[in-house]
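Shown next, in structure tokens, is the structure this report addresses.
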Amino acid sequence: MYTVKKAFDIGDKEATLILLKNQKGIELQLLNYGAAIVDILIPDHEGCIESVVLSYENIEDYIKNPPYFGVTVGRTSGRIAGASFQLDGKVYNLGKNFGPNHGHGGPNGFSFQLWDYQVEEVGNQTKVIFTYLSKDMEENYPGNLHTKVTYTLTEENEIFIEYEGKTDRKTLCNLTNHTYFNLSGNYKRKINQQYLRMEADGFLPLDANQIPTGEIAHVEGTPMDFRVLKSIGKDIGADDEQIIMAKGYDHPWILQGCGNQIEMLDKESGRKMTVTTTYPCVVVYTYNYPNDEKLKHGKLGRAHDGICFETQYEPDGIHHGHFHSAILDAGETYYERTTLKFSIV
């Protein structure tokens, strides 16, 4: 079942909050501004239903949203070195909004647009379909890109996120979701006290501007090794060049194995989240640069209050021939999918 209500006004248009709920009490709150996840409410092992994602106390704060809470990121997620790329011999210069680089689609990227939407109920599933037309040369990307992001809530406590795109001209497309998770419930504990496992042997080291160097490094013997369930906080303050530079984790891992699995666990509440994806890579970001954001439940945002799993193609792949380039050509269909499954252990 679902309900719809006004969130706030954007000029002469209205941003809408859509609330989905299944029979087991899980609630998914979506916003058509940024095609965003605003909240996810799930029970713990005692049946207490609480929030497991970082959310603003004031819904209007999603208009600016410097940390990108919950939003769909595009046309490209991650950074593009030097804020430029070349397609078919032509150079496209993008806005520099992450130092000398272009990041997360630019200052007026998909995260800061009002999307159209429709709600569909099919059997025991409810889905919200967001659509957005990014016009030719928007943020200086070529081509009219028709984008669709579909969220589906199931009775099996799953959330499907499907990304689709079609263009009339060769362009770049690399979409992700930027939700910050904290399974303790209403942010009672930092993610440092929660656990993570990832099916990933390799990660991408970053240079001083946090751009992948092009190397794929093995996780063995580094703070990046999450092949066995490990406390997120165990190595988050390690004396390691990559950790020090990013003030925590903000790195791409190369996923492998059946379904590209990621598992996050809060042992005290018993909440577990399993992430599977068709993407080859995930950027894991541990909210290293908070700015006292006013969160729900009377909290102010602090470092390591949440963690993002930004499933995507390798960032800056257009500049590295052995990475996915994120090039989408006219006549091709972009389709990727990420699933979040919640359970109690």
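Letters for chains follow the order of the structure tokens (A, B, ...), residue numbers begin at 1 for each chain, and ligand numbers begin at 1 in the order shown.
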
Dump as a Markdown table the rows for residues of stretch 17-83 of chain A within 7 Å of stretch 173-189 of chain A: closest atom pair and distance in Å with one decimal, only C-alpha atoms counted, ordered by chain and rising residue number.
```
| residue | atom | partner | partner_atom | distance |
| --- | --- | --- | --- | --- |
| A:Ile37 | CA | A:Thr179 | CA | 6.7 |
| A:Glu50 | CA | A:Gly185 | CA | 5.0 |
| A:Ser51 | CA | A:Asn186 | CA | 5.0 |
| A:Val52 | CA | A:Leu183 | CA | 4.9 |
| A:Val53 | CA | A:Phe181 | CA | 4.4 |
| A:Leu54 | CA | A:Tyr180 | CA | 5.5 |
| A:Tyr68 | CA | A:His178 | CA | 6.2 |
| A:Phe69 | CA | A:Thr179 | CA | 5.6 |
| A:Gly70 | CA | A:Thr179 | CA | 3.8 |
| A:Val71 | CA | A:His178 | CA | 5.3 |
| A:Thr72 | CA | A:Asn177 | CA | 4.6 |
| A:Val73 | CA | A:Thr176 | CA | 5.3 |
| A:Gly74 | CA | A:Leu175 | CA | 5.1 |
| A:Arg75 | CA | A:Cys173 | CA | 5.2 |
| A:Thr76 | CA | A:Asn174 | CA | 4.4 |
| A:Ser77 | CA | A:Asn174 | CA | 5.8 |
```

Please, could you write that set of residues out with C-alpha atoms as a tab-separated table (two decimals), in the first residue's frame?
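The file below, part.tsv, is the result:
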```tsv
chain	number	residue	atom	x	y	z
A	37	ILE	CA	15.23	7.45	-0.64
A	50	GLU	CA	13.14	2.23	13.48
A	51	SER	CA	14.93	4.19	10.76
A	52	VAL	CA	18.02	2.64	9.18
A	53	VAL	CA	19.10	5.51	6.88
A	54	LEU	CA	20.28	9.05	7.59
A	68	TYR	CA	23.68	13.78	-1.27
A	69	PHE	CA	21.47	12.00	1.29
A	70	GLY	CA	19.48	9.28	-0.46
A	71	VAL	CA	19.48	10.74	-3.97
A	72	THR	CA	19.92	9.27	-7.42
A	73	VAL	CA	23.26	10.45	-8.79
A	74	GLY	CA	23.80	11.13	-12.52
A	75	ARG	CA	24.61	11.48	-15.31
A	76	THR	CA	27.78	10.11	-13.78
A	77	SER	CA	28.50	9.07	-10.22
```

Open item on the list: Under the rule that only C-alpha atoms are counted, which of A:Met245, A:Leu153, A:Cys281, A:Ile159 is the nearest residue to A:Glu199?
Closed with: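 Distance minimum relative to A:Glu199 lands on A:Cys281.
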
Open item on the list: Under the rule that only C-alpha atoms are counted, which of A:Glu27, A:Asp116, A:Asp266, A:Asp61 is the nearest residue to A:Glu14?
Closed with: A:Asp116

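When only C-alpha atoms are used to compute distances to A:Ile344, the closest of the residues A:Asp305, A:Glu120, A:Asp44, A:Glu138 turns out to be A:Asp44.
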
Task: One-decimal distance in Å that lies between atom CA of A:Met198 and atom CA of A:Phe342 - done: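 Distance between the two atoms: 16.2 Å.
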
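Shortest atom-to-atom contact with A:Gln86 among A:Asn192, A:Thr171, A:Gln29, A:Thr276: A:Thr171, counting only C-alpha atoms.
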
Task: strand (DSSP E or B) per DSSP on the backbone: members of stretch 96-307 of chain A, as a PyMOL selection string - done: chain A and resi 98+101-103+114+116-122+125-134+145-153+158-167+171-172+174+176-177+180-181+195-198+202-203+206+212+217-218+230-231+250-254+262-266+271-277+281-285+294-295+300+307

Open item on the list: What's the separation between atom CA of A:Lys247 and atom CA of A:Pro212, in Å to one decimal place?
Closed with: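 Going from atom CA of A:Lys247 over to atom CA of A:Pro212, I get 16.4 Å.
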
- [ ] Considering only C-alpha atoms, state which residue in the set A:Ala200, A:Ile236, A:Val283, A:Ile307 is at the smallest distance from A:Pro67.
- [x] A:Ile307

Open item on the list: Show me, as a list in words, the residues that have an atom within 9 Å of A:Asn291 when counting only C-alpha atoms, minus same-chain residues fewer than 4 positions from it.
Closed with: Pro66, Pro67, Leu300, Gly301, Arg302 and Ala303 of chain A

Task: Contacts of A:Val149 at 9 Å (only C-alpha atoms; same-chain gap of 3+ positions) as a PyMOL selection string - done: chain A and resi 35+72+128-132+161-165

With C-alpha atoms retained, write the just-selected residues as a short mmCIF file (atom, residue, chain, number, x, y, z; two decimals), in the first residue's frame.
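Resulting contents of part11.cif:
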```
data_model
loop_
_atom_site.label_atom_id
_atom_site.label_comp_id
_atom_site.auth_asym_id
_atom_site.auth_seq_id
_atom_site.Cartn_x
_atom_site.Cartn_y
_atom_site.Cartn_z
CA ALA A 35 14.45 10.47 -7.05
CA THR A 72 19.92 9.27 -7.42
CA VAL A 128 7.45 3.85 -7.92
CA ILE A 129 8.76 4.75 -11.38
CA PHE A 130 10.69 8.02 -11.60
CA THR A 131 11.51 9.49 -15.01
CA TYR A 132 13.68 12.42 -16.03
CA ILE A 161 16.40 -0.30 -7.56
CA GLU A 162 16.43 -0.46 -11.35
CA TYR A 163 18.24 2.06 -13.56
CA GLU A 164 17.38 2.53 -17.24
CA GLY A 165 18.57 5.01 -19.84
#
```

- [ ] Would you kindly return, as a list in words, each protein, DNA or RNA residue with an atom no farther than 6 Å from any atom of A:Leu196, considering only C-alpha atoms and excluding same-chain residues fewer than 4 positions away?
- [x]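 Here the qualifying residues turn out to be Leu229, Lys230, Glu263 and Met264 of chain A.
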
Same residues, N, CA and C atoms, saved as a compact mmCIF listing (two decimals), in the first residue's frame:
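Once written, result.txt looks like this:
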```txt
# COMPACT_ATOMS: atom_id res chain seq x y z
N LEU A 229 33.56 -11.16 7.42
CA LEU A 229 32.82 -10.17 8.21
C LEU A 229 33.75 -9.49 9.22
N LYS A 230 33.76 -8.16 9.17
CA LYS A 230 34.69 -7.39 10.00
C LYS A 230 34.00 -6.12 10.48
N GLU A 263 27.32 -7.57 2.57
CA GLU A 263 26.49 -7.80 3.77
C GLU A 263 26.89 -6.81 4.85
N MET A 264 25.89 -6.17 5.45
CA MET A 264 26.10 -5.29 6.59
C MET A 264 25.25 -5.81 7.73
```

- [ ] Excluding A:Ala217 and any residue of its chain fewer than 3 positions from it, enumerate the residues within 7 Å of it, using only C-alpha atoms, and give them as a ChimeraX atom specification.
- [x] /A:202-205

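Between A:His324 and the candidates A:Val345, A:Tyr195, A:Leu172, A:Gly11, the tightest atom-to-atom separation, counting only C-alpha atoms, involves A:Leu172.
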